>>> print(open('final-v1.cif').read())   # mmCIF, C-alpha atoms
data_input
loop_
_atom_site.label_atom_id
_atom_site.label_comp_id
_atom_site.auth_asym_id
_atom_site.auth_seq_id
_atom_site.Cartn_x
_atom_site.Cartn_y
_atom_site.Cartn_z
CA MET A 7 86.11 143.61 101.26
CA ALA A 8 88.62 140.92 100.38
CA GLU A 9 88.99 139.87 96.78
CA ILE A 10 89.68 136.20 96.21
CA VAL A 11 92.60 136.24 93.84
CA GLY A 12 93.00 132.51 93.42
CA ALA A 13 91.47 129.18 94.39
CA PHE A 14 93.43 125.99 93.98
CA ALA A 15 93.40 122.34 94.89
CA ALA A 16 96.57 120.36 95.34
CA SER A 17 97.27 116.85 96.56
CA HIS A 18 99.16 116.17 99.76
CA THR A 19 101.13 113.21 101.03
CA PRO A 20 103.91 112.56 103.54
CA LEU A 21 105.64 110.78 100.68
CA PHE A 22 106.39 114.11 99.00
CA LEU A 23 108.86 114.49 101.86
CA LEU A 24 109.71 110.89 102.74
CA ARG A 25 110.23 109.90 99.10
CA HIS A 26 110.98 113.34 97.74
CA ASP A 27 113.61 112.23 95.24
CA ALA A 28 112.35 108.71 94.55
CA PRO A 29 110.26 109.30 91.41
CA ALA A 30 111.80 109.91 88.03
CA GLU A 31 113.14 113.37 87.38
CA GLU A 32 110.45 114.28 84.87
CA VAL A 33 107.74 113.40 87.38
CA ARG A 34 109.37 115.45 90.11
CA GLU A 35 109.88 118.37 87.79
CA GLU A 36 106.27 118.35 86.61
CA VAL A 37 104.82 118.01 90.09
CA PHE A 38 107.14 120.28 92.01
CA SER A 39 106.99 123.00 89.40
CA SER A 40 103.18 122.99 89.65
CA TYR A 41 103.33 123.68 93.37
CA ARG A 42 105.94 126.39 92.88
CA ARG A 43 103.83 127.92 90.12
CA MET A 44 100.80 127.93 92.40
CA ALA A 45 102.79 129.80 95.03
CA SER A 46 104.18 132.23 92.46
CA GLU A 47 100.71 132.99 91.14
CA ILE A 48 99.36 133.56 94.62
CA VAL A 49 102.16 135.97 95.44
CA ALA A 50 102.08 137.70 92.03
CA ARG A 51 98.37 138.35 92.41
CA GLY A 52 99.05 140.20 95.61
CA ALA A 53 97.43 137.83 98.08
CA GLU A 54 97.83 139.00 101.66
CA ALA A 55 96.73 135.75 103.29
CA MET A 56 95.95 132.15 102.39
CA VAL A 57 92.98 130.15 103.55
CA LEU A 58 94.02 126.51 103.57
CA LEU A 59 91.32 123.86 103.35
CA GLY A 60 92.67 120.59 104.67
CA ASN A 61 92.28 117.94 107.32
CA ASP A 62 94.04 116.15 110.16
CA HIS A 63 95.03 112.50 109.99
CA LEU A 64 94.59 111.81 113.71
CA HIS A 65 97.67 113.71 114.74
CA ALA A 66 96.28 116.92 116.21
CA PHE A 67 92.97 115.28 117.03
CA SER A 68 92.12 111.81 118.26
CA MET A 69 89.06 109.69 117.80
CA ASP A 70 88.07 110.62 121.33
CA ARG A 71 87.36 114.15 120.15
CA TYR A 72 87.26 114.77 116.45
CA PRO A 73 85.58 117.87 115.08
CA ALA A 74 83.55 117.87 111.90
CA LEU A 75 85.01 121.30 111.24
CA ALA A 76 87.84 123.19 112.89
CA ILE A 77 89.64 126.48 112.32
CA GLY A 78 93.06 127.47 113.49
CA VAL A 79 92.74 130.85 115.13
CA GLY A 80 96.19 131.53 116.41
CA PRO A 81 99.28 133.61 115.76
CA ARG A 82 101.36 130.73 114.50
CA PHE A 83 101.18 127.07 113.54
CA GLY A 84 103.95 124.54 113.72
CA PRO A 85 104.08 120.93 112.55
CA VAL A 86 102.74 117.98 114.50
CA GLU A 87 105.40 116.15 116.48
CA THR A 88 104.08 112.78 115.39
CA GLU A 89 105.35 113.36 111.86
CA PRO A 90 109.02 114.02 112.60
CA PHE A 91 109.86 114.13 108.91
CA LEU A 92 107.97 117.40 108.51
CA PRO A 93 110.07 120.54 108.21
CA GLY A 94 110.07 122.56 111.38
CA ASP A 95 108.75 125.69 109.73
CA VAL A 96 106.27 127.71 111.74
CA TYR A 97 103.57 129.43 109.75
CA GLU A 98 102.19 132.78 110.73
CA GLY A 99 98.48 132.70 111.44
CA ALA A 100 96.10 135.24 109.96
CA GLU A 101 94.41 135.48 113.32
CA ALA A 102 91.99 138.31 112.66
CA LEU A 103 90.79 136.72 109.43
CA ALA A 104 90.39 133.39 111.18
CA SER A 105 88.35 135.03 113.93
CA HIS A 106 86.16 136.68 111.32
CA LEU A 107 85.58 133.37 109.55
CA THR A 108 84.78 131.61 112.81
CA ARG A 109 82.21 134.18 113.87
CA GLY A 110 80.69 134.21 110.41
CA LEU A 111 80.45 130.45 110.13
CA LEU A 112 78.75 130.27 113.51
CA ALA A 113 76.24 132.84 112.30
CA ASN A 114 75.69 130.79 109.14
CA GLY A 115 74.79 127.49 110.73
CA PHE A 116 78.22 125.89 111.05
CA ASP A 117 79.83 124.85 114.30
CA PRO A 118 83.59 125.03 113.88
CA LEU A 119 85.93 124.07 116.66
CA LEU A 120 87.99 127.15 117.38
CA CYS A 121 91.60 126.06 117.88
CA ARG A 122 93.71 128.69 119.60
CA GLU A 123 96.56 126.25 119.31
CA LEU A 124 96.87 123.83 116.45
CA ALA A 125 99.67 121.76 115.03
CA LEU A 126 99.52 121.01 111.33
CA ASP A 127 100.15 117.62 109.81
CA HIS A 128 101.22 116.77 106.28
CA SER A 129 97.81 117.81 104.97
CA PHE A 130 99.03 121.38 105.17
CA VAL A 131 102.77 121.09 105.53
CA SER A 132 103.52 118.84 102.56
CA PRO A 133 101.98 121.16 99.96
CA LEU A 134 103.32 124.24 101.74
CA ALA A 135 106.79 122.73 101.70
CA LEU A 136 106.58 122.20 97.94
CA MET A 137 105.18 125.68 97.41
CA GLY A 138 108.06 127.30 99.20
CA ASP A 139 107.86 130.31 101.43
CA THR A 140 105.18 132.70 100.25
CA GLY A 141 105.54 134.85 103.36
CA LEU A 142 101.77 134.85 103.74
CA PRO A 143 99.85 134.25 106.96
CA VAL A 144 97.47 131.34 106.86
CA VAL A 145 94.11 130.24 108.15
CA PRO A 146 93.90 126.45 108.41
CA VAL A 147 90.34 125.17 108.00
CA LEU A 148 89.97 121.47 108.68
CA GLN A 149 87.16 119.12 107.72
CA ASN A 150 86.73 115.62 109.09
CA THR A 151 87.73 113.13 106.44
CA VAL A 152 89.16 110.40 108.66
CA ALA A 153 87.09 109.65 111.76
CA PRO A 154 83.59 108.30 111.16
CA PRO A 155 80.93 109.52 111.04
CA LEU A 156 81.99 111.91 108.32
CA PRO A 157 79.98 114.96 107.37
CA PRO A 158 78.18 114.51 104.04
CA ALA A 159 80.05 115.95 101.10
CA ALA A 160 77.17 118.36 100.52
CA ARG A 161 78.20 120.06 103.75
CA ALA A 162 81.57 120.82 102.18
CA TYR A 163 79.82 122.58 99.31
CA ASP A 164 77.80 124.71 101.70
CA LEU A 165 80.97 125.50 103.60
CA GLY A 166 82.61 126.81 100.45
CA VAL A 167 79.62 129.00 99.67
CA SER A 168 79.71 130.47 103.17
CA LEU A 169 83.46 131.00 103.15
CA ARG A 170 83.14 132.97 99.92
CA ARG A 171 80.62 135.36 101.43
CA LEU A 172 82.63 135.74 104.58
CA LEU A 173 85.89 136.40 102.78
CA GLU A 174 84.28 139.02 100.58
CA GLY A 175 82.84 140.63 103.68
CA TYR A 176 86.19 140.90 105.40
CA GLU A 177 87.84 144.28 105.49
CA GLY A 178 91.17 143.34 107.00
CA HIS A 179 92.76 142.14 103.77
CA GLU A 180 92.27 143.30 100.22
CA ARG A 181 93.26 140.04 98.56
CA VAL A 182 93.11 136.43 99.75
CA ALA A 183 93.98 133.11 98.12
CA VAL A 184 92.50 129.72 98.87
CA VAL A 185 94.28 126.37 98.63
CA ALA A 186 92.44 123.10 99.20
CA THR A 187 94.67 120.11 99.87
CA GLY A 188 94.27 116.38 99.63
CA ALA A 189 92.76 113.83 97.29
CA PRO A 190 92.16 112.32 94.79
CA SER A 191 91.97 108.56 95.24
CA HIS A 192 94.31 106.93 97.68
CA TRP A 193 94.25 104.20 100.26
CA ILE A 194 96.20 104.68 103.46
CA GLY A 195 96.49 102.01 106.12
CA THR A 196 93.97 99.82 104.35
CA PRO A 197 94.52 96.49 102.59
CA GLU A 198 94.71 98.41 99.32
CA LEU A 199 97.61 100.54 100.55
CA GLY A 200 99.17 102.47 97.71
CA ALA A 201 96.44 101.86 95.15
CA ILE A 202 95.39 104.57 92.73
CA ASP A 203 92.12 104.58 90.77
CA GLU A 204 92.68 106.70 87.70
CA ALA A 205 89.12 106.28 86.46
CA TRP A 206 87.72 107.57 89.75
CA ASP A 207 90.21 110.41 89.75
CA ARG A 208 89.33 111.41 86.20
CA GLU A 209 85.64 111.32 86.99
CA VAL A 210 86.14 113.70 89.92
CA ILE A 211 88.41 115.99 87.93
CA ASP A 212 86.10 116.00 84.93
CA MET A 213 83.16 116.98 87.07
CA LEU A 214 85.11 119.89 88.51
CA CYS A 215 86.33 120.94 85.08
CA ARG A 216 82.76 121.11 83.80
CA ALA A 217 81.57 123.10 86.81
CA ASP A 218 79.72 120.20 88.37
CA ALA A 219 80.95 120.35 91.96
CA LYS A 220 77.35 120.49 93.14
CA ALA A 221 76.72 117.05 91.65
CA LEU A 222 80.02 115.78 93.06
CA SER A 223 78.94 116.94 96.49
CA ALA A 224 75.85 114.75 96.14
CA TRP A 225 77.88 111.56 95.76
CA PRO A 226 76.82 109.01 98.35
CA GLN A 227 79.49 107.87 100.76
CA GLU A 228 79.62 104.52 98.98
CA LYS A 229 80.75 106.25 95.79
CA ILE A 230 83.33 108.32 97.64
CA ASP A 231 84.64 105.13 99.29
CA GLU A 232 85.49 103.80 95.83
CA GLY A 233 88.32 106.34 95.89
CA GLY A 234 89.73 104.90 99.09
CA ASN A 235 89.71 106.39 102.54
CA GLY A 236 91.86 109.15 101.08
CA GLY A 237 89.14 109.90 98.58
CA ASN A 238 87.16 111.49 101.39
CA GLU A 239 89.45 114.47 101.00
CA ILE A 240 87.53 115.55 97.91
CA ARG A 241 85.51 117.46 100.45
CA THR A 242 88.18 120.15 100.51
CA TRP A 243 88.11 120.35 96.71
CA ILE A 244 84.34 120.63 96.77
CA SER A 245 84.60 123.50 99.23
CA ALA A 246 87.11 125.31 97.03
CA ALA A 247 84.91 124.78 93.99
CA ALA A 248 81.85 126.16 95.72
CA LEU A 249 83.86 129.08 97.05
CA SER A 250 84.92 129.87 93.48
CA GLY A 251 81.31 129.91 92.29
CA ASP A 252 81.49 126.35 90.95
CA THR A 253 83.26 127.52 87.84
CA GLU A 254 84.98 125.32 85.27
CA ALA A 255 88.22 124.26 86.88
CA ASN A 256 91.49 124.21 84.96
CA LEU A 257 93.56 121.09 85.43
CA TRP A 258 97.20 122.05 85.78
CA THR A 259 98.63 118.66 86.63
CA TYR A 260 97.48 115.08 86.94
CA ARG A 261 100.46 112.79 87.27
CA ILE A 262 100.20 109.24 88.51
CA GLU A 263 103.12 108.33 90.71
CA PRO A 264 102.91 104.97 92.47
CA LEU A 265 105.79 105.86 94.76
CA TRP A 266 103.70 108.69 96.13
CA PHE A 267 100.48 106.63 96.19
CA LEU A 268 98.72 109.31 94.17
CA GLY A 269 97.62 110.72 90.91
CA VAL A 270 99.08 114.04 91.98
CA THR A 271 96.66 116.77 91.05
CA VAL A 272 96.83 120.53 90.93
CA ILE A 273 93.73 122.42 89.87
CA GLU A 274 92.82 126.08 89.65
CA TRP A 275 89.36 127.56 89.57
CA PRO A 276 88.60 130.90 88.00
CA ILE A 277 86.67 133.04 90.41
CA GLY A 278 83.12 133.48 89.23
CA PRO A 279 80.07 135.10 90.81
CA ALA A 280 79.35 133.98 94.33
CA LEU A 281 76.72 131.28 94.71
CA MET B 8 87.24 95.27 124.64
CA SER B 9 86.68 98.56 122.93
CA LYS B 10 87.38 99.85 119.46
CA LEU B 11 87.63 103.35 120.86
CA ALA B 12 90.10 102.29 123.56
CA LEU B 13 92.18 100.47 120.97
CA ASN B 14 92.34 103.51 118.74
CA ARG B 15 93.11 105.67 121.75
CA LEU B 16 96.14 103.56 122.59
CA ILE B 17 97.41 103.45 119.02
CA HIS B 18 96.95 107.21 118.81
CA ASP B 19 98.75 107.81 122.10
CA ILE B 20 101.81 105.82 121.08
CA GLN B 21 102.31 107.72 117.84
CA PRO B 22 105.12 109.82 119.34
CA ILE B 23 108.28 107.76 119.11
CA GLU B 24 109.16 108.13 122.79
CA LYS B 25 105.67 107.03 123.81
CA ARG B 26 105.91 104.01 121.55
CA GLU B 27 109.23 103.10 123.11
CA ALA B 28 107.78 103.47 126.59
CA PHE B 29 104.87 101.26 125.61
CA LEU B 30 107.12 98.56 124.18
CA ARG B 31 109.22 98.56 127.35
CA ASP B 32 106.19 97.94 129.53
CA PRO B 33 103.04 97.24 127.52
CA LEU B 34 100.95 96.16 130.48
CA GLY B 35 101.98 99.12 132.57
CA PHE B 36 101.55 101.65 129.81
CA ALA B 37 98.18 100.28 128.75
CA ARG B 38 96.74 100.13 132.27
CA GLY B 39 93.50 102.06 132.18
CA TYR B 40 92.84 101.65 128.47
CA ASP B 41 90.27 98.87 128.94
CA LEU B 42 91.73 96.58 126.32
CA SER B 43 91.47 92.85 126.00
CA ASP B 44 94.62 90.76 126.20
CA ALA B 45 94.30 90.06 122.49
CA GLU B 46 94.02 93.76 121.63
CA LEU B 47 96.99 94.67 123.77
CA ALA B 48 99.07 91.89 122.27
CA ALA B 49 98.13 93.01 118.77
CA VAL B 50 99.38 96.52 119.44
CA ARG B 51 102.51 95.25 121.17
CA ASP B 52 103.29 92.90 118.29
CA SER B 53 102.24 95.33 115.54
CA ASP B 54 99.86 92.61 114.38
CA VAL B 55 98.20 94.71 111.73
CA ARG B 56 95.86 91.93 110.63
CA ALA B 57 94.44 91.57 114.09
CA LEU B 58 94.31 95.32 114.53
CA TRP B 59 92.38 95.68 111.27
CA LYS B 60 89.86 93.14 112.46
CA PHE B 61 89.59 94.86 115.84
CA GLY B 62 88.66 98.10 114.09
CA ALA B 63 91.82 100.19 114.25
CA ASN B 64 91.56 103.35 112.18
CA PRO B 65 93.58 102.94 108.99
CA TYR B 66 95.43 106.22 109.41
CA LEU B 67 96.59 105.13 112.85
CA LEU B 68 97.60 101.79 111.41
CA ARG B 69 99.71 103.53 108.80
CA VAL B 70 101.74 105.30 111.46
CA LEU B 71 102.06 102.09 113.45
CA GLN B 72 103.19 100.30 110.31
CA MET B 73 105.87 102.91 109.69
CA ARG B 74 107.04 102.95 113.31
CA ALA B 75 107.28 99.15 113.32
CA GLY B 76 109.23 99.12 110.08
CA VAL B 77 106.73 96.97 108.21
CA SER B 78 107.15 97.32 104.46
CA ASP B 79 104.22 98.32 102.29
CA ALA B 80 104.30 94.92 100.57
CA ASP B 81 104.28 93.06 103.88
CA TYR B 82 101.48 95.28 105.12
CA ARG B 83 99.30 94.48 102.13
CA ALA B 84 100.14 90.80 102.46
CA ALA B 85 99.17 90.85 106.12
CA LEU B 86 95.77 92.28 105.22
CA ALA B 87 95.14 89.95 102.29
CA GLY B 88 91.51 89.01 102.01
CA PHE B 89 90.23 92.19 103.59
CA SER B 90 89.07 95.35 101.87
CA TYR B 91 88.10 98.93 102.59
CA PRO B 92 85.60 99.89 103.75
CA ARG B 93 84.90 97.40 106.49
CA PRO B 94 81.22 96.62 107.05
CA ASP B 95 81.23 98.75 110.19
CA GLU B 96 83.47 101.49 108.84
CA GLY B 97 80.96 104.28 109.34
CA GLU B 98 79.92 103.24 112.81
CA ILE B 99 80.88 105.29 115.81
#
>>> encode(input="final-v1.cif", output="structure tokens")
Amino acid sequence: MAEIVGAFAASHTPLFLLRHDAPAEEVREEVFSSYRRMASEIVARGAEAMVLLGNDHLHAFSMDRYPALAIGVGPRFGPVETEPFLPGDVYEGAEALASHLTRGLLANGFDPLLCRELALDHSFVSPLALMGDTGLPVVPVLQNTVAPPLPPAARAYDLGVSLRRLLEGYEGHERVAVVATGAPSHWIGTPELGAIDEAWDREVIDMLCRADAKALSAWPQEKIDEGGNGGNEIRTWISAAALSGDTEANLWTYRIEPLWFLGVTVIEWPIGPAL
Amino acid sequence: MSKLALNRLIHDIQPIEKREAFLRDPLGFARGYDLSDAELAAVRDSDVRALWKFGANPYLLRVLQMRAGVSDADYRAALAGFSYPRPDEGEI
């Protein structure tokens, strides 16, 4: 049975890479050190694999065929070619774990698209690049946050609950870490491009810090839209919270950086009893 | 005229070499996409305002914006008067 040794949420953006050195030094130091610390903690706790909760921004998938939920079940994952600024690192896939999760989710009422081949966009690669090489195999789990109709946020909560049970029922690893990427508020490709809503961000973070992910998952789409189209990525955070037992999250970093279009956030959840 | 066909084209020209091929021969490249002349011209000209009105997905527009070298300020200016979400944002 795998022990979950850490559950985190961390923002992602191509601008971490495209504008890596643009913000002031103290911003870069605060943000980058948080991602490095997350990686260090994951490694120090003896994680043998990482489950990454993210999304695809219409690189790997198109609007012709866009899955509500997808899992990368392959031996390796490279970057999408449509984001040439991404490092060319290839990440080892935790194939057996991914297969286990896929079978389990199917048995639990979910219908994930099983991707034997999958290229990862900045949703995964930008935080992984900041984390540095952990040497850990990964399982990318993708939720639809970009191509309407979107699954209700409550589905993300249920997904987290199921993933927790499935991870704890897996015998192939002793310790696993979970990293949810994306969010909070941001507007990409919309008229509000680059906007940040600190009040919305704080409301989301505060709810997670008082163990209220269940209520967050009940937000209507109209409320989520107030955080921009990028705000839909709170679904991955909700999943991580539910997976952790909806415990009181610890905010490591919230740093507004207009050049990165984000209030960059890193959160950790203590692992409580399974829901 | 089809929002799906429009998004399909914008998606398909995300790779730089595909975008270049499209710009060399827009009509030829877009044959079979079932687009109106106005939609095709909007993609060819990186007319983000028109593309927004036609229902292009914002994430696809972002890549198009970057490929076309449109600054963030110019992008926002081009979409002045509009806001997210569009009335039909959640429609298939």
>>> resolve_selection(input="final-v1.cif", expression="the PyMOL selection byres ((chain A and resi 133) around 12)", output="PDB file with C-alpha atoms, keeping the file's coordinate frame")
ATOM      1  CA  PHE A  14      93.430 125.990  93.980  1.00  0.00           C
ATOM      2  CA  ALA A  15      93.400 122.340  94.890  1.00  0.00           C
ATOM      3  CA  ALA A  16      96.570 120.360  95.340  1.00  0.00           C
ATOM      4  CA  SER A  17      97.270 116.850  96.560  1.00  0.00           C
ATOM      5  CA  HIS A  18      99.160 116.170  99.760  1.00  0.00           C
ATOM      6  CA  THR A  19     101.130 113.210 101.030  1.00  0.00           C
ATOM      7  CA  PRO A  20     103.910 112.560 103.540  1.00  0.00           C
ATOM      8  CA  LEU A  21     105.640 110.780 100.680  1.00  0.00           C
ATOM      9  CA  PHE A  22     106.390 114.110  99.000  1.00  0.00           C
ATOM     10  CA  LEU A  23     108.860 114.490 101.860  1.00  0.00           C
ATOM     11  CA  VAL A  37     104.820 118.010  90.090  1.00  0.00           C
ATOM     12  CA  PHE A  38     107.140 120.280  92.010  1.00  0.00           C
ATOM     13  CA  SER A  39     106.990 123.000  89.400  1.00  0.00           C
ATOM     14  CA  SER A  40     103.180 122.990  89.650  1.00  0.00           C
ATOM     15  CA  TYR A  41     103.330 123.680  93.370  1.00  0.00           C
ATOM     16  CA  ARG A  42     105.940 126.390  92.880  1.00  0.00           C
ATOM     17  CA  MET A  44     100.800 127.930  92.400  1.00  0.00           C
ATOM     18  CA  ALA A  45     102.790 129.800  95.030  1.00  0.00           C
ATOM     19  CA  LEU A  58      94.020 126.510 103.570  1.00  0.00           C
ATOM     20  CA  LEU A  59      91.320 123.860 103.350  1.00  0.00           C
ATOM     21  CA  GLY A  60      92.670 120.590 104.670  1.00  0.00           C
ATOM     22  CA  LEU A  92     107.970 117.400 108.510  1.00  0.00           C
ATOM     23  CA  PRO A  93     110.070 120.540 108.210  1.00  0.00           C
ATOM     24  CA  LEU A 126      99.520 121.010 111.330  1.00  0.00           C
ATOM     25  CA  ASP A 127     100.150 117.620 109.810  1.00  0.00           C
ATOM     26  CA  HIS A 128     101.220 116.770 106.280  1.00  0.00           C
ATOM     27  CA  SER A 129      97.810 117.810 104.970  1.00  0.00           C
ATOM     28  CA  PHE A 130      99.030 121.380 105.170  1.00  0.00           C
ATOM     29  CA  VAL A 131     102.770 121.090 105.530  1.00  0.00           C
ATOM     30  CA  SER A 132     103.520 118.840 102.560  1.00  0.00           C
ATOM     31  CA  LEU A 134     103.320 124.240 101.740  1.00  0.00           C
ATOM     32  CA  ALA A 135     106.790 122.730 101.700  1.00  0.00           C
ATOM     33  CA  LEU A 136     106.580 122.200  97.940  1.00  0.00           C
ATOM     34  CA  MET A 137     105.180 125.680  97.410  1.00  0.00           C
ATOM     35  CA  GLY A 138     108.060 127.300  99.200  1.00  0.00           C
ATOM     36  CA  ASP A 139     107.860 130.310 101.430  1.00  0.00           C
ATOM     37  CA  THR A 140     105.180 132.700 100.250  1.00  0.00           C
ATOM     38  CA  VAL A 185      94.280 126.370  98.630  1.00  0.00           C
ATOM     39  CA  ALA A 186      92.440 123.100  99.200  1.00  0.00           C
ATOM     40  CA  THR A 187      94.670 120.110  99.870  1.00  0.00           C
ATOM     41  CA  GLY A 188      94.270 116.380  99.630  1.00  0.00           C
ATOM     42  CA  VAL A 270      99.080 114.040  91.980  1.00  0.00           C
ATOM     43  CA  THR A 271      96.660 116.770  91.050  1.00  0.00           C
ATOM     44  CA  VAL A 272      96.830 120.530  90.930  1.00  0.00           C
TER      45      VAL A 272
END
>>> resolve_selection(input="final-v1.cif", expression="the PyMOL selection byres ((chain A) within 7 of (chain B))", output="ChimeraX atom specification")
/A:63,68-69,87-88,154-155,194-199,231
>>> atom_distance(input="final-v1.cif", atom1="atom CA of Ala189 of chain A", atom2="atom CA of Asn238 of chain A")
7.3 Å
>>> resolve_selection(input="final-v1.cif", expression="the PyMOL selection byres ((chain A and resi 10) around 12)", output="compact mmCIF listing (two decimals) with C-alpha atoms, in the frame of the given file")
# COMPACT_ATOMS: atom_id res chain seq x y z
CA MET A 7 86.11 143.61 101.26
CA ALA A 8 88.62 140.92 100.38
CA GLU A 9 88.99 139.87 96.78
CA VAL A 11 92.60 136.24 93.84
CA GLY A 12 93.00 132.51 93.42
CA ALA A 13 91.47 129.18 94.39
CA PHE A 14 93.43 125.99 93.98
CA ILE A 48 99.36 133.56 94.62
CA ARG A 51 98.37 138.35 92.41
CA GLY A 52 99.05 140.20 95.61
CA ALA A 53 97.43 137.83 98.08
CA GLU A 54 97.83 139.00 101.66
CA ALA A 55 96.73 135.75 103.29
CA MET A 56 95.95 132.15 102.39
CA VAL A 57 92.98 130.15 103.55
CA LEU A 169 83.46 131.00 103.15
CA ARG A 170 83.14 132.97 99.92
CA ARG A 171 80.62 135.36 101.43
CA LEU A 172 82.63 135.74 104.58
CA LEU A 173 85.89 136.40 102.78
CA GLU A 174 84.28 139.02 100.58
CA GLY A 175 82.84 140.63 103.68
CA TYR A 176 86.19 140.90 105.40
CA HIS A 179 92.76 142.14 103.77
CA GLU A 180 92.27 143.30 100.22
CA ARG A 181 93.26 140.04 98.56
CA VAL A 182 93.11 136.43 99.75
CA ALA A 183 93.98 133.11 98.12
CA VAL A 184 92.50 129.72 98.87
CA VAL A 185 94.28 126.37 98.63
CA ALA A 246 87.11 125.31 97.03
CA LEU A 249 83.86 129.08 97.05
CA SER A 250 84.92 129.87 93.48
CA GLY A 251 81.31 129.91 92.29
CA TRP A 275 89.36 127.56 89.57
CA PRO A 276 88.60 130.90 88.00
CA ILE A 277 86.67 133.04 90.41
CA GLY A 278 83.12 133.48 89.23
CA PRO A 279 80.07 135.10 90.81
CA ALA A 280 79.35 133.98 94.33
>>> residues_around(input="final-v1.cif", residues="segment 108-119 of chain A", least_positions_apart="4", cutoff="12 Å", atoms="all atoms listed in the file", output="PyMOL selection string")
chain A and resi 67+71-80+101-104+123-124+145-150+157+161-162+164-176
>>> residues_near_point(input="final-v1.cif", point="(104.1, 96.4, 128.4)", cutoff="12 Å", atoms="only C-alpha atoms", output="list of chain:residue names")
B:Lys25, B:Arg26, B:Glu27, B:Ala28, B:Phe29, B:Leu30, B:Arg31, B:Asp32, B:Pro33, B:Leu34, B:Gly35, B:Phe36, B:Ala37, B:Arg38, B:Asp44, B:Leu47, B:Ala48, B:Ala49, B:Val50, B:Arg51, B:Asp52
>>> atom_distance(input="final-v1.cif", atom1="atom CA of Glu209 of chain A", atom2="atom CA of Trp225 of chain A")
11.7 Å
>>> atom_distance(input="final-v1.cif", atom1="atom CA of Cys215 of chain A", atom2="atom CA of Phe267 of chain A")
23.0 Å
>>> axis_aligned_box(input="final-v1.cif", around="segment 25-37 of chain A", padding_each_side="5 Å", output="AutoDock Vina command-line options")
--center_x 109.2 --center_y 113.5 --center_z 92.0 --size_x 18.8 --size_y 19.7 --size_z 24.2
>>> residues_around(input="final-v1.cif", residues="Ala217 of chain A", least_positions_apart="6", cutoff="10 Å", atoms="only C-alpha atoms", output="number ranges by chain")
A: 211, 247-248, 251-255, 275
>>> write_last_selection(input="final-v1.cif", atoms="C-alpha atoms", output="CSV table (one decimal), in the frame of the given file")
chain,number,residue,atom,x,y,z
A,211,ILE,CA,88.4,116.0,87.9
A,247,ALA,CA,84.9,124.8,94.0
A,248,ALA,CA,81.8,126.2,95.7
A,251,GLY,CA,81.3,129.9,92.3
A,252,ASP,CA,81.5,126.4,91.0
A,253,THR,CA,83.3,127.5,87.8
A,254,GLU,CA,85.0,125.3,85.3
A,255,ALA,CA,88.2,124.3,86.9
A,275,TRP,CA,89.4,127.6,89.6
>>> decode(input="final-v1.cif", residues="segment 17-25 of chain A", atoms="N, CA, C and O atoms", output="PDB file, in the first residue's frame")
ATOM      1  N   SER A  17       1.434  26.869  -8.979  1.00  0.00           N
ATOM      2  CA  SER A  17       1.036  27.517 -10.225  1.00  0.00           C
ATOM      3  C   SER A  17       1.928  27.090 -11.378  1.00  0.00           C
ATOM      4  O   SER A  17       3.062  26.637 -11.169  1.00  0.00           O
ATOM      5  N   HIS A  18       1.389  27.257 -12.589  1.00  0.00           N
ATOM      6  CA  HIS A  18       2.208  27.029 -13.784  1.00  0.00           C
ATOM      7  C   HIS A  18       1.994  28.161 -14.775  1.00  0.00           C
ATOM      8  O   HIS A  18       0.937  28.798 -14.769  1.00  0.00           O
ATOM      9  N   THR A  19       2.956  28.432 -15.583  1.00  0.00           N
ATOM     10  CA  THR A  19       2.823  29.394 -16.662  1.00  0.00           C
ATOM     11  C   THR A  19       3.994  29.262 -17.608  1.00  0.00           C
ATOM     12  O   THR A  19       5.122  29.020 -17.158  1.00  0.00           O
ATOM     13  N   PRO A  20       3.776  29.444 -18.907  1.00  0.00           N
ATOM     14  CA  PRO A  20       4.911  29.465 -19.839  1.00  0.00           C
ATOM     15  C   PRO A  20       5.859  30.611 -19.508  1.00  0.00           C
ATOM     16  O   PRO A  20       7.049  30.547 -19.839  1.00  0.00           O
ATOM     17  N   LEU A  21       5.342  31.625 -18.836  1.00  0.00           N
ATOM     18  CA  LEU A  21       6.146  32.804 -18.574  1.00  0.00           C
ATOM     19  C   LEU A  21       7.241  32.549 -17.542  1.00  0.00           C
ATOM     20  O   LEU A  21       8.201  33.322 -17.469  1.00  0.00           O
ATOM     21  N   PHE A  22       7.100  31.457 -16.754  1.00  0.00           N
ATOM     22  CA  PHE A  22       8.229  31.073 -15.900  1.00  0.00           C
ATOM     23  C   PHE A  22       9.471  30.845 -16.757  1.00  0.00           C
ATOM     24  O   PHE A  22      10.609  31.056 -16.316  1.00  0.00           O
ATOM     25  N   LEU A  23       9.253  30.359 -17.963  1.00  0.00           N
ATOM     26  CA  LEU A  23      10.360  30.039 -18.858  1.00  0.00           C
ATOM     27  C   LEU A  23      10.633  31.180 -19.829  1.00  0.00           C
ATOM     28  O   LEU A  23      11.783  31.544 -20.061  1.00  0.00           O
ATOM     29  N   LEU A  24       9.569  31.752 -20.395  1.00  0.00           N
ATOM     30  CA  LEU A  24       9.743  32.819 -21.381  1.00  0.00           C
ATOM     31  C   LEU A  24      10.219  34.131 -20.749  1.00  0.00           C
ATOM     32  O   LEU A  24      10.881  34.924 -21.404  1.00  0.00           O
ATOM     33  N   ARG A  25       9.822  34.347 -19.514  1.00  0.00           N
ATOM     34  CA  ARG A  25      10.233  35.566 -18.783  1.00  0.00           C
ATOM     35  C   ARG A  25      10.879  35.154 -17.461  1.00  0.00           C
ATOM     36  O   ARG A  25      10.578  35.715 -16.409  1.00  0.00           O
TER      37      ARG A  25
END
